[in-house]
Amino acid sequence: MQMQRDIDLQPLNTLAVPAKAEHFCAVTTLAELQTALAVARKEHWQLYVLGGGSNVVLHPQLGGLVLQMNIKGREILHRTATEVILRVGAGESWHDLVEYCLNNGFHGLENLALIPGTVGAAPVQNIGAYGVEICRFIDRVEGLSLPSGESISLTAAECEFAYRDSIFKNRLRGQFIITAVILRLPLRFSPEISYPALREAIEADVSAQAVFEAVCRVRRSKLPDPHIIPNCGSFFKNPLVPWARYESLQRQFPLMPSYAVTQISEAEPVRKLAAAWLIDQAGWRGRVFRGVKVHEYQALVLTNPERVNAEAVLATADAIRIDVQARFGVDLEMEPQIFGDSGEGGTCL
Ligand code: FAD
Ligand code: NAP
């Protein structure tokens, strides 16, 4: 493990905002992680945990330590006639894991193909696509509690998963480093093809391989490749609005798309609105503001072709949010996590 100084983080975040870490280290084992934490604790450094950098907005100067999770490894813990229990290191690539599972007949992750980033970050925002959320397959999450560094294992229920949300974005934000994720995957394939775009892309064969390939095809046709056009995926969550609010909007805007919310239990009934439609109707699709371009094919994605800084990106997001609020009375919540100059998104040990 090497503790480095003044490291350029622009190549390490898919939005390609210019940013520097005062100190940086990539850890590949639990022992290295504990050593890095001990140094940060001794020096009273602010600590930021980075995976693949595909869901963060980084401010230009991050004081303290940026720790990159590179702990690898896949291990079958248990296998029965119907399912397999798999332990995966937090630093593994998410998409590589999806491919590995597909090739070994472990099912469920096909719809989550091509999501960038690491396995350790997947529970943080309960990654989801095409009607599947990772929480469906999580048995438990292992990690270190901060600031103590104590090893802890949380069950799926304890992770408080919700729509693109979990305890790691809320009560345990900056307080828990995920070191491994334990997945429970069925050996029998049961397709989830309720999303129209996916259903249309699948021909006669509805095998796991066919669903995986269709997901990859549809995503490649619609989403900008961050290696070519910097972006961090959807910049806003689809808003979940109370039923009465949805009905009044529906009366005002009869063409407004909306969706049933099936995978989470809310205290009161809610309906999911399509943030991309709201942004488009507010006149933002394809528009450029402060060097940030709202993607033509998916208005939820803010792209950063000029590699402008976090301030410009966040100002653009604010301008969009203000317009959507003025037109529809709906608040858009940002999806990526901010690592701020003043410690936002990090923790002081
Ligand atoms: P990072 O961006 O590095 O970190 C994200 C957050 O997780 C930060 O707060 C960080 O501190 C925390 N974190 C990371 N690793 C750990 C760890 N080991 N322990 C504790 N905290 C940690 N998301 C979806 O849900 N569905 C999609 O379909 C989807 N598609 C995308 C498409 C594109 C083109 C892009 C660029 C992004 C997309 N995303 C999508 C968003 C993103 O890929 C996911 O949120 C992904 O899980 C982030 O992984 P990462 O390793 O890059 O996390
Ligand atoms: P899409 O298929 O064009 O759908 C547009 C929106 O409508 C999506 O946001 C989706 O909600 C919703 N939707 C469509 N059919 C639905 C149904 N049957 N039930 C409930 N909701 C439905 O979306 P897309 O932009 O091409 O993305 C495809 C999938 O990849 C989506 O699930 C999306 O969330 C995911 N994705 C996520 C990110 C990210 O960064 N978070 C980036 C790219 C793609 P949901 O978003 O809730 O699924």
# chains A, B, ... in the order shown; residues from 1 in each chain; ligands from 1
$ residues_around --residues "Gly143 (chain A)" --least-positions-apart "4" --cutoff "7 Å" --atoms "only C-alpha atoms" --output "PDB file with C-alpha atoms, in the first residue's frame"
ATOM      1  CA  SER A 151     -15.887  -5.403  11.622  1.00  0.00           C
ATOM      2  CA  ILE A 152     -19.645  -5.541  11.221  1.00  0.00           C
ATOM      3  CA  SER A 153     -22.055  -7.557   9.085  1.00  0.00           C
ATOM      4  CA  PHE A 176     -19.320   2.428   7.169  1.00  0.00           C
ATOM      5  CA  ILE A 177     -16.834   1.030   4.673  1.00  0.00           C
ATOM      6  CA  ILE A 178     -18.223  -1.918   2.754  1.00  0.00           C
ATOM      7  CA  THR A 179     -15.557  -4.599   2.301  1.00  0.00           C
ATOM      8  CA  ALA A 180     -17.667  -7.426   0.814  1.00  0.00           C
TER       9      ALA A 180
END
$ select_by_dssp --residues "region 48-166 of chain A" --states "helix (DSSP H, G or I)" --output "list in words"
Trp94, His95, Asp96, Leu97, Val98, Glu99, Tyr100, Cys101, Leu102, Asn103, Asn104, Glu110, Asn111, Leu112, Ile134, Cys135, Arg136, Phe137, Ala157, Glu158 and Cys159 of chain A
$ atom_distance --atom1 "CA of Glu296 (chain A)" --atom2 "CA of Tyr163 (chain A)"
25.1 Å
$ residues_near_ligand --ligand "ligand 2" --cutoff "6 Å" --atoms "only C-alpha atoms and all ligand atoms" --output "tab-separated table (two decimals) with all heavy atoms, in the first residue's frame"
chain	number	residue	atom	x	y	z
A	128	GLY	N	-30.18	-0.15	-9.47
A	128	GLY	CA	-31.35	-0.74	-10.10
A	128	GLY	C	-31.41	-0.39	-11.57
A	128	GLY	O	-30.90	0.64	-12.00
A	129	ALA	N	-32.02	-1.28	-12.34
A	129	ALA	CA	-32.27	-1.02	-13.76
A	129	ALA	C	-33.29	-2.03	-14.27
A	129	ALA	O	-33.28	-3.19	-13.85
A	129	ALA	CB	-30.97	-1.12	-14.57
A	130	TYR	N	-34.16	-1.55	-15.14
A	130	TYR	CA	-35.14	-2.40	-15.81
A	130	TYR	C	-35.92	-3.28	-14.82
A	130	TYR	O	-36.10	-4.47	-15.03
A	130	TYR	CB	-34.47	-3.27	-16.89
A	130	TYR	CG	-33.74	-2.44	-17.91
A	130	TYR	CD1	-32.36	-2.29	-17.87
A	130	TYR	CD2	-34.44	-1.78	-18.90
A	130	TYR	CE1	-31.69	-1.50	-18.79
A	130	TYR	CE2	-33.78	-0.98	-19.83
A	130	TYR	CZ	-32.41	-0.86	-19.77
A	130	TYR	OH	-31.76	-0.08	-20.68
A	131	GLY	N	-36.35	-2.64	-13.73
A	131	GLY	CA	-37.25	-3.33	-12.80
A	131	GLY	C	-36.58	-4.27	-11.82
A	131	GLY	O	-37.26	-5.00	-11.09
A	194	SER	N	-40.40	-6.53	-17.84
A	194	SER	CA	-41.60	-5.69	-17.86
A	194	SER	C	-41.34	-4.32	-18.50
A	194	SER	O	-42.27	-3.67	-18.96
A	194	SER	CB	-42.13	-5.51	-16.43
A	194	SER	OG	-41.14	-4.90	-15.64
A	195	TYR	N	-40.09	-3.87	-18.53
A	195	TYR	CA	-39.82	-2.55	-19.12
A	195	TYR	C	-39.96	-2.63	-20.64
A	195	TYR	O	-39.33	-3.49	-21.28
A	195	TYR	CB	-38.41	-2.07	-18.76
A	195	TYR	CG	-38.34	-1.36	-17.42
A	195	TYR	CD1	-39.07	-1.84	-16.33
A	195	TYR	CD2	-37.58	-0.21	-17.24
A	195	TYR	CE1	-39.02	-1.19	-15.10
A	195	TYR	CE2	-37.53	0.44	-16.02
A	195	TYR	CZ	-38.26	-0.05	-14.95
A	195	TYR	OH	-38.22	0.58	-13.74
A	197	ALA	N	-38.77	-0.97	-23.17
A	197	ALA	CA	-37.56	-0.90	-24.01
A	197	ALA	C	-36.84	-2.25	-24.04
A	197	ALA	O	-36.29	-2.66	-25.06
A	197	ALA	CB	-36.63	0.18	-23.48
A	233	GLY	N	-24.16	9.05	-15.01
A	233	GLY	CA	-25.46	8.37	-15.07
A	233	GLY	C	-26.58	9.35	-14.79
A	233	GLY	O	-26.45	10.56	-15.05
A	234	SER	N	-27.67	8.85	-14.23
A	234	SER	CA	-28.81	9.73	-13.93
A	234	SER	C	-28.40	10.72	-12.85
A	234	SER	O	-27.90	10.31	-11.80
A	234	SER	CB	-29.98	8.91	-13.40
A	234	SER	OG	-30.33	7.94	-14.35
A	259	TYR	N	-45.47	5.74	-13.04
A	259	TYR	CA	-45.32	4.29	-12.86
A	259	TYR	C	-45.70	3.86	-11.46
A	259	TYR	O	-45.49	4.62	-10.50
A	259	TYR	CB	-43.88	3.86	-13.13
A	259	TYR	CG	-43.41	4.25	-14.50
A	259	TYR	CD1	-42.72	5.44	-14.71
A	259	TYR	CD2	-43.70	3.44	-15.60
A	259	TYR	CE1	-42.31	5.81	-15.98
A	259	TYR	CE2	-43.30	3.82	-16.88
A	259	TYR	CZ	-42.60	5.01	-17.06
A	259	TYR	OH	-42.21	5.38	-18.31
A	274	ALA	N	-41.53	10.29	-14.07
A	274	ALA	CA	-40.31	10.15	-14.87
A	274	ALA	C	-39.59	11.50	-14.87
A	274	ALA	O	-40.02	12.44	-15.55
A	274	ALA	CB	-40.65	9.71	-16.28
A	298	GLN	N	-31.50	11.03	-23.19
A	298	GLN	CA	-31.97	10.74	-21.82
A	298	GLN	C	-31.66	11.98	-20.98
A	298	GLN	O	-30.54	12.18	-20.54
A	298	GLN	CB	-31.26	9.48	-21.29
A	298	GLN	CG	-31.49	9.12	-19.84
A	298	GLN	CD	-32.94	9.22	-19.39
A	298	GLN	OE1	-33.48	10.32	-19.28
A	298	GLN	NE2	-33.56	8.08	-19.13
$ select_by_dssp --residues "region 42-263 of chain A" --states "strand (DSSP E or B)" --output "count of residues only"
74
$ atom_distance --atom1 "atom 24 (C, counted along the ligand's line) of ligand 1" --atom2 "CA of Gly174 (chain A)"
19.7 Å
$ residues_around --residues "region 98-110 of chain A" --least-positions-apart "3" --cutoff "7 Å" --atoms "only C-alpha atoms" --output "PyMOL selection string"
chain A and resi 94-95+113+185-189+208+211-212
$ closest_atom_pairs --of "chain A" --to "ligand 1" --cutoff "7 Å" --atoms "only C-alpha atoms and all ligand atoms" --output "JSON lines"
{"residue": "A:Thr14", "atom": "CA", "partner": "ligand 1", "partner_atom_place_in_ligand_line": "36 (C)", "distance": 6.0}
{"residue": "A:Tyr48", "atom": "CA", "partner": "ligand 1", "partner_atom_place_in_ligand_line": "11 (O)", "distance": 6.0}
{"residue": "A:Val49", "atom": "CA", "partner": "ligand 1", "partner_atom_place_in_ligand_line": "11 (O)", "distance": 4.2}
{"residue": "A:Leu50", "atom": "CA", "partner": "ligand 1", "partner_atom_place_in_ligand_line": "3 (O)", "distance": 4.0}
{"residue": "A:Gly51", "atom": "CA", "partner": "ligand 1", "partner_atom_place_in_ligand_line": "3 (O)", "distance": 3.3}
{"residue": "A:Gly52", "atom": "CA", "partner": "ligand 1", "partner_atom_place_in_ligand_line": "52 (O)", "distance": 3.3}
{"residue": "A:Gly53", "atom": "CA", "partner": "ligand 1", "partner_atom_place_in_ligand_line": "3 (O)", "distance": 3.4}
{"residue": "A:Ser54", "atom": "CA", "partner": "ligand 1", "partner_atom_place_in_ligand_line": "52 (O)", "distance": 3.6}
{"residue": "A:Asn55", "atom": "CA", "partner": "ligand 1", "partner_atom_place_in_ligand_line": "2 (O)", "distance": 3.5}
{"residue": "A:Val56", "atom": "CA", "partner": "ligand 1", "partner_atom_place_in_ligand_line": "2 (O)", "distance": 4.5}
{"residue": "A:Met69", "atom": "CA", "partner": "ligand 1", "partner_atom_place_in_ligand_line": "18 (N)", "distance": 5.7}
{"residue": "A:Ala90", "atom": "CA", "partner": "ligand 1", "partner_atom_place_in_ligand_line": "18 (N)", "distance": 5.2}
{"residue": "A:Gly91", "atom": "CA", "partner": "ligand 1", "partner_atom_place_in_ligand_line": "18 (N)", "distance": 7.0}
{"residue": "A:Leu112", "atom": "CA", "partner": "ligand 1", "partner_atom_place_in_ligand_line": "28 (O)", "distance": 6.6}
{"residue": "A:Ile115", "atom": "CA", "partner": "ligand 1", "partner_atom_place_in_ligand_line": "30 (N)", "distance": 4.6}
{"residue": "A:Pro116", "atom": "CA", "partner": "ligand 1", "partner_atom_place_in_ligand_line": "43 (O)", "distance": 4.2}
{"residue": "A:Gly117", "atom": "CA", "partner": "ligand 1", "partner_atom_place_in_ligand_line": "51 (O)", "distance": 3.5}
{"residue": "A:Thr118", "atom": "CA", "partner": "ligand 1", "partner_atom_place_in_ligand_line": "51 (O)", "distance": 3.7}
{"residue": "A:Val119", "atom": "CA", "partner": "ligand 1", "partner_atom_place_in_ligand_line": "51 (O)", "distance": 6.8}
{"residue": "A:Gly120", "atom": "CA", "partner": "ligand 1", "partner_atom_place_in_ligand_line": "18 (N)", "distance": 4.0}
{"residue": "A:Ala121", "atom": "CA", "partner": "ligand 1", "partner_atom_place_in_ligand_line": "15 (N)", "distance": 4.0}
{"residue": "A:Ala122", "atom": "CA", "partner": "ligand 1", "partner_atom_place_in_ligand_line": "47 (O)", "distance": 4.1}
{"residue": "A:Val124", "atom": "CA", "partner": "ligand 1", "partner_atom_place_in_ligand_line": "7 (O)", "distance": 5.4}
{"residue": "A:Gln125", "atom": "CA", "partner": "ligand 1", "partner_atom_place_in_ligand_line": "45 (O)", "distance": 5.8}
{"residue": "A:Asn126", "atom": "CA", "partner": "ligand 1", "partner_atom_place_in_ligand_line": "25 (O)", "distance": 6.3}
{"residue": "A:Ile127", "atom": "CA", "partner": "ligand 1", "partner_atom_place_in_ligand_line": "25 (O)", "distance": 3.2}
{"residue": "A:Gly128", "atom": "CA", "partner": "ligand 1", "partner_atom_place_in_ligand_line": "25 (O)", "distance": 4.2}
{"residue": "A:Ala129", "atom": "CA", "partner": "ligand 1", "partner_atom_place_in_ligand_line": "28 (O)", "distance": 4.7}
{"residue": "A:Arg164", "atom": "CA", "partner": "ligand 1", "partner_atom_place_in_ligand_line": "25 (O)", "distance": 6.2}
{"residue": "A:Phe168", "atom": "CA", "partner": "ligand 1", "partner_atom_place_in_ligand_line": "21 (N)", "distance": 7.0}
{"residue": "A:Gly174", "atom": "CA", "partner": "ligand 1", "partner_atom_place_in_ligand_line": "11 (O)", "distance": 6.9}
{"residue": "A:Phe176", "atom": "CA", "partner": "ligand 1", "partner_atom_place_in_ligand_line": "20 (C)", "distance": 5.7}
{"residue": "A:Ile177", "atom": "CA", "partner": "ligand 1", "partner_atom_place_in_ligand_line": "19 (N)", "distance": 3.8}
{"residue": "A:Ile178", "atom": "CA", "partner": "ligand 1", "partner_atom_place_in_ligand_line": "19 (N)", "distance": 3.6}
{"residue": "A:Thr179", "atom": "CA", "partner": "ligand 1", "partner_atom_place_in_ligand_line": "18 (N)", "distance": 5.6}
{"residue": "A:Leu223", "atom": "CA", "partner": "ligand 1", "partner_atom_place_in_ligand_line": "34 (C)", "distance": 6.0}
{"residue": "A:Pro224", "atom": "CA", "partner": "ligand 1", "partner_atom_place_in_ligand_line": "34 (C)", "distance": 6.1}
{"residue": "A:Asp225", "atom": "CA", "partner": "ligand 1", "partner_atom_place_in_ligand_line": "34 (C)", "distance": 5.8}
{"residue": "A:Pro226", "atom": "CA", "partner": "ligand 1", "partner_atom_place_in_ligand_line": "34 (C)", "distance": 5.8}
{"residue": "A:Asn231", "atom": "CA", "partner": "ligand 1", "partner_atom_place_in_ligand_line": "36 (C)", "distance": 5.3}
{"residue": "A:Cys232", "atom": "CA", "partner": "ligand 1", "partner_atom_place_in_ligand_line": "36 (C)", "distance": 3.6}
{"residue": "A:Gly233", "atom": "CA", "partner": "ligand 1", "partner_atom_place_in_ligand_line": "35 (C)", "distance": 3.5}
{"residue": "A:Ser234", "atom": "CA", "partner": "ligand 1", "partner_atom_place_in_ligand_line": "38 (C)", "distance": 6.5}
{"residue": "A:Pro336", "atom": "CA", "partner": "ligand 1", "partner_atom_place_in_ligand_line": "5 (C)", "distance": 6.9}
{"residue": "A:Gln337", "atom": "CA", "partner": "ligand 1", "partner_atom_place_in_ligand_line": "9 (O)", "distance": 5.0}
{"residue": "A:Gly345", "atom": "CA", "partner": "ligand 1", "partner_atom_place_in_ligand_line": "9 (O)", "distance": 6.2}
$ residues_around --residues "Ala16 (chain A)" --least-positions-apart "3" --cutoff "10 Å" --atoms "only C-alpha atoms" --output "tab-separated table (two decimals) with C-alpha atoms, in the first residue's frame"
chain	number	residue	atom	x	y	z
A	9	LEU	CA	-8.77	12.52	-9.44
A	10	GLN	CA	-10.03	13.65	-12.85
A	11	PRO	CA	-9.30	10.23	-14.43
A	12	LEU	CA	-10.88	8.54	-11.40
A	13	ASN	CA	-14.36	10.04	-11.72
A	19	ALA	CA	-10.25	17.40	-8.56
A	53	GLY	CA	-16.09	7.15	-9.21
A	54	SER	CA	-19.24	6.76	-11.36
A	57	VAL	CA	-19.38	14.85	-7.90
A	58	LEU	CA	-15.98	15.89	-6.55
A	226	PRO	CA	-18.37	7.87	-19.89
A	227	HIS	CA	-15.01	7.03	-21.52
A	229	ILE	CA	-18.59	11.69	-23.01
A	230	PRO	CA	-18.04	12.19	-19.27
A	231	ASN	CA	-21.16	11.65	-17.12
A	232	CYS	CA	-22.24	10.01	-13.89
A	303	THR	CA	-22.80	15.21	-19.53
A	304	ASN	CA	-19.56	17.12	-19.05
A	305	PRO	CA	-17.90	17.35	-22.50
A	306	GLU	CA	-15.84	20.40	-21.50
A	307	ARG	CA	-14.75	18.80	-18.22
A	308	VAL	CA	-15.97	21.76	-16.17
A	309	ASN	CA	-15.74	21.71	-12.38
A	310	ALA	CA	-18.19	20.62	-9.70
$ residues_around --residues "Glu333 (chain A)" --least-positions-apart "5" --cutoff "8 Å" --atoms "only C-alpha atoms" --output "VMD selection string"
chain A and resid 236 to 237 239
$ closest_residue --among "A:Ala315, A:Ile182, A:Leu65, A:Val261" --to "His44 (chain A)" --atoms "only C-alpha atoms"
A:Leu65
$ closest_residue --among "A:Glu268, A:Leu278, A:Lys169, A:Leu37" --to "Ser145 (chain A)" --atoms "only C-alpha atoms"
A:Leu37
$ residues_around --residues "Cys159 (chain A)" --least-positions-apart "3" --cutoff "9 Å" --atoms "only C-alpha atoms" --output "PDB file with all heavy atoms, in the first residue's frame"
ATOM      1  N   PRO A 123     -24.586  -1.642  -2.996  1.00  0.00           N
ATOM      2  CA  PRO A 123     -25.624  -1.492  -1.968  1.00  0.00           C
ATOM      3  C   PRO A 123     -25.840  -0.044  -1.549  1.00  0.00           C
ATOM      4  O   PRO A 123     -26.906   0.280  -1.031  1.00  0.00           O
ATOM      5  CB  PRO A 123     -25.068  -2.296  -0.775  1.00  0.00           C
ATOM      6  CG  PRO A 123     -23.911  -3.076  -1.305  1.00  0.00           C
ATOM      7  CD  PRO A 123     -23.408  -2.355  -2.494  1.00  0.00           C
ATOM      8  N   VAL A 124     -24.842   0.819  -1.766  1.00  0.00           N
ATOM      9  CA  VAL A 124     -24.947   2.204  -1.278  1.00  0.00           C
ATOM     10  C   VAL A 124     -26.194   2.851  -1.879  1.00  0.00           C
ATOM     11  O   VAL A 124     -27.018   3.415  -1.178  1.00  0.00           O
ATOM     12  CB  VAL A 124     -23.670   3.018  -1.606  1.00  0.00           C
ATOM     13  CG1 VAL A 124     -23.846   4.481  -1.217  1.00  0.00           C
ATOM     14  CG2 VAL A 124     -22.464   2.413  -0.901  1.00  0.00           C
ATOM     15  N   CYS A 135     -30.997  -5.087  -4.052  1.00  0.00           N
ATOM     16  CA  CYS A 135     -31.421  -5.517  -2.700  1.00  0.00           C
ATOM     17  C   CYS A 135     -32.156  -6.858  -2.759  1.00  0.00           C
ATOM     18  O   CYS A 135     -32.151  -7.608  -1.784  1.00  0.00           O
ATOM     19  CB  CYS A 135     -32.275  -4.456  -2.028  1.00  0.00           C
ATOM     20  SG  CYS A 135     -33.837  -4.146  -2.827  1.00  0.00           S
ATOM     21  N   ARG A 140     -26.296 -10.241   2.883  1.00  0.00           N
ATOM     22  CA  ARG A 140     -25.748  -9.313   3.875  1.00  0.00           C
ATOM     23  C   ARG A 140     -24.558  -8.542   3.307  1.00  0.00           C
ATOM     24  O   ARG A 140     -24.051  -8.869   2.228  1.00  0.00           O
ATOM     25  CB  ARG A 140     -25.375 -10.027   5.174  1.00  0.00           C
ATOM     26  CG  ARG A 140     -24.465 -11.193   5.038  1.00  0.00           C
ATOM     27  CD  ARG A 140     -24.308 -11.913   6.382  1.00  0.00           C
ATOM     28  NE  ARG A 140     -23.069 -12.652   6.367  1.00  0.00           N
ATOM     29  CZ  ARG A 140     -22.939 -13.843   5.793  1.00  0.00           C
ATOM     30  NH1 ARG A 140     -23.975 -14.421   5.192  1.00  0.00           N
ATOM     31  NH2 ARG A 140     -21.771 -14.456   5.802  1.00  0.00           N
ATOM     32  N   VAL A 141     -24.185  -7.525   4.065  1.00  0.00           N
ATOM     33  CA  VAL A 141     -23.102  -6.648   3.641  1.00  0.00           C
ATOM     34  C   VAL A 141     -22.083  -6.608   4.772  1.00  0.00           C
ATOM     35  O   VAL A 141     -22.445  -6.397   5.931  1.00  0.00           O
ATOM     36  CB  VAL A 141     -23.674  -5.223   3.365  1.00  0.00           C
ATOM     37  CG1 VAL A 141     -22.565  -4.218   3.181  1.00  0.00           C
ATOM     38  CG2 VAL A 141     -24.586  -5.238   2.141  1.00  0.00           C
ATOM     39  N   LEU A 154     -24.087  -6.539   8.201  1.00  0.00           N
ATOM     40  CA  LEU A 154     -25.482  -6.087   8.253  1.00  0.00           C
ATOM     41  C   LEU A 154     -26.343  -6.987   7.387  1.00  0.00           C
ATOM     42  O   LEU A 154     -25.962  -7.287   6.241  1.00  0.00           O
ATOM     43  CB  LEU A 154     -25.606  -4.654   7.722  1.00  0.00           C
ATOM     44  CG  LEU A 154     -24.883  -3.538   8.472  1.00  0.00           C
ATOM     45  CD1 LEU A 154     -25.105  -2.203   7.760  1.00  0.00           C
ATOM     46  CD2 LEU A 154     -25.367  -3.442   9.904  1.00  0.00           C
ATOM     47  N   THR A 155     -27.492  -7.394   7.894  1.00  0.00           N
ATOM     48  CA  THR A 155     -28.418  -8.169   7.058  1.00  0.00           C
ATOM     49  C   THR A 155     -29.058  -7.213   6.057  1.00  0.00           C
ATOM     50  O   THR A 155     -29.016  -5.985   6.230  1.00  0.00           O
ATOM     51  CB  THR A 155     -29.543  -8.786   7.901  1.00  0.00           C
ATOM     52  OG1 THR A 155     -30.290  -7.703   8.486  1.00  0.00           O
ATOM     53  CG2 THR A 155     -28.997  -9.691   9.001  1.00  0.00           C
ATOM     54  N   ALA A 156     -29.711  -7.790   5.043  1.00  0.00           N
ATOM     55  CA  ALA A 156     -30.371  -6.940   4.031  1.00  0.00           C
ATOM     56  C   ALA A 156     -31.390  -6.026   4.701  1.00  0.00           C
ATOM     57  O   ALA A 156     -31.474  -4.841   4.376  1.00  0.00           O
ATOM     58  CB  ALA A 156     -31.034  -7.817   2.979  1.00  0.00           C
ATOM     59  N   SER A 166     -30.354   3.665   0.637  1.00  0.00           N
ATOM     60  CA  SER A 166     -30.034   2.676   1.673  1.00  0.00           C
ATOM     61  C   SER A 166     -29.547   3.413   2.908  1.00  0.00           C
ATOM     62  O   SER A 166     -29.342   4.632   2.877  1.00  0.00           O
ATOM     63  CB  SER A 166     -28.913   1.745   1.188  1.00  0.00           C
ATOM     64  OG  SER A 166     -27.686   2.468   1.231  1.00  0.00           O
ATOM     65  N   ILE A 167     -29.304   2.660   3.941  1.00  0.00           N
ATOM     66  CA  ILE A 167     -28.770   3.238   5.187  1.00  0.00           C
ATOM     67  C   ILE A 167     -27.397   3.897   4.954  1.00  0.00           C
ATOM     68  O   ILE A 167     -27.020   4.830   5.634  1.00  0.00           O
ATOM     69  CB  ILE A 167     -28.667   2.130   6.273  1.00  0.00           C
ATOM     70  CG1 ILE A 167     -28.504   2.747   7.655  1.00  0.00           C
ATOM     71  CG2 ILE A 167     -27.529   1.137   5.973  1.00  0.00           C
ATOM     72  CD1 ILE A 167     -28.651   1.744   8.788  1.00  0.00           C
ATOM     73  N   PHE A 168     -26.672   3.409   3.913  1.00  0.00           N
ATOM     74  CA  PHE A 168     -25.313   3.924   3.665  1.00  0.00           C
ATOM     75  C   PHE A 168     -25.336   5.343   3.087  1.00  0.00           C
ATOM     76  O   PHE A 168     -24.316   6.021   3.056  1.00  0.00           O
ATOM     77  CB  PHE A 168     -24.545   2.975   2.729  1.00  0.00           C
ATOM     78  CG  PHE A 168     -24.593   1.554   3.207  1.00  0.00           C
ATOM     79  CD1 PHE A 168     -25.330   0.596   2.513  1.00  0.00           C
ATOM     80  CD2 PHE A 168     -23.952   1.181   4.377  1.00  0.00           C
ATOM     81  CE1 PHE A 168     -25.411  -0.711   2.965  1.00  0.00           C
ATOM     82  CE2 PHE A 168     -24.026  -0.122   4.845  1.00  0.00           C
ATOM     83  CZ  PHE A 168     -24.761  -1.069   4.137  1.00  0.00           C
TER      84      PHE A 168
END
$ residues_around --residues "Met256 (chain A)" --least-positions-apart "2" --cutoff "12 Å" --atoms "only C-alpha atoms" --output "ChimeraX atom specification"
/A:246-254,258-259,271-281,328
$ write_last_selection --atoms "C-alpha atoms" --output "PDB file, in the first residue's frame"
ATOM      1  CA  TYR A 246     -49.882  12.628  -8.646  1.00  0.00           C
ATOM      2  CA  GLU A 247     -53.632  12.826  -9.395  1.00  0.00           C
ATOM      3  CA  SER A 248     -53.612  16.598  -9.474  1.00  0.00           C
ATOM      4  CA  LEU A 249     -50.563  16.638 -11.795  1.00  0.00           C
ATOM      5  CA  GLN A 250     -52.186  14.018 -14.009  1.00  0.00           C
ATOM      6  CA  ARG A 251     -55.273  16.235 -14.397  1.00  0.00           C
ATOM      7  CA  GLN A 252     -53.055  19.191 -15.350  1.00  0.00           C
ATOM      8  CA  PHE A 253     -50.689  17.184 -17.600  1.00  0.00           C
ATOM      9  CA  PRO A 254     -52.607  14.211 -19.014  1.00  0.00           C
ATOM     10  CA  SER A 258     -45.936   7.733 -14.305  1.00  0.00           C
ATOM     11  CA  TYR A 259     -45.324   4.288 -12.858  1.00  0.00           C
ATOM     12  CA  ARG A 271     -46.485   7.112  -7.616  1.00  0.00           C
ATOM     13  CA  LYS A 272     -43.197   7.357  -9.506  1.00  0.00           C
ATOM     14  CA  LEU A 273     -42.834  10.189 -12.019  1.00  0.00           C
ATOM     15  CA  ALA A 274     -40.308  10.154 -14.870  1.00  0.00           C
ATOM     16  CA  ALA A 275     -37.770  12.863 -14.008  1.00  0.00           C
ATOM     17  CA  ALA A 276     -36.481  12.785 -17.604  1.00  0.00           C
ATOM     18  CA  TRP A 277     -39.939  13.802 -18.885  1.00  0.00           C
ATOM     19  CA  LEU A 278     -40.219  16.663 -16.384  1.00  0.00           C
ATOM     20  CA  ILE A 279     -36.748  17.934 -17.374  1.00  0.00           C
ATOM     21  CA  ASP A 280     -37.556  17.617 -21.082  1.00  0.00           C
ATOM     22  CA  GLN A 281     -40.859  19.490 -20.680  1.00  0.00           C
ATOM     23  CA  PHE A 328     -44.563  21.145 -11.897  1.00  0.00           C
TER      24      PHE A 328
END
$ atom_distance --atom1 "CA of Asp341 (chain A)" --atom2 "CA of Ala40 (chain A)"
17.0 Å
$ closest_residue --among "A:Ala157, A:Thr28, A:Glu75, A:Ala244" --to "Ile138 (chain A)" --atoms "only C-alpha atoms"
A:Ala157
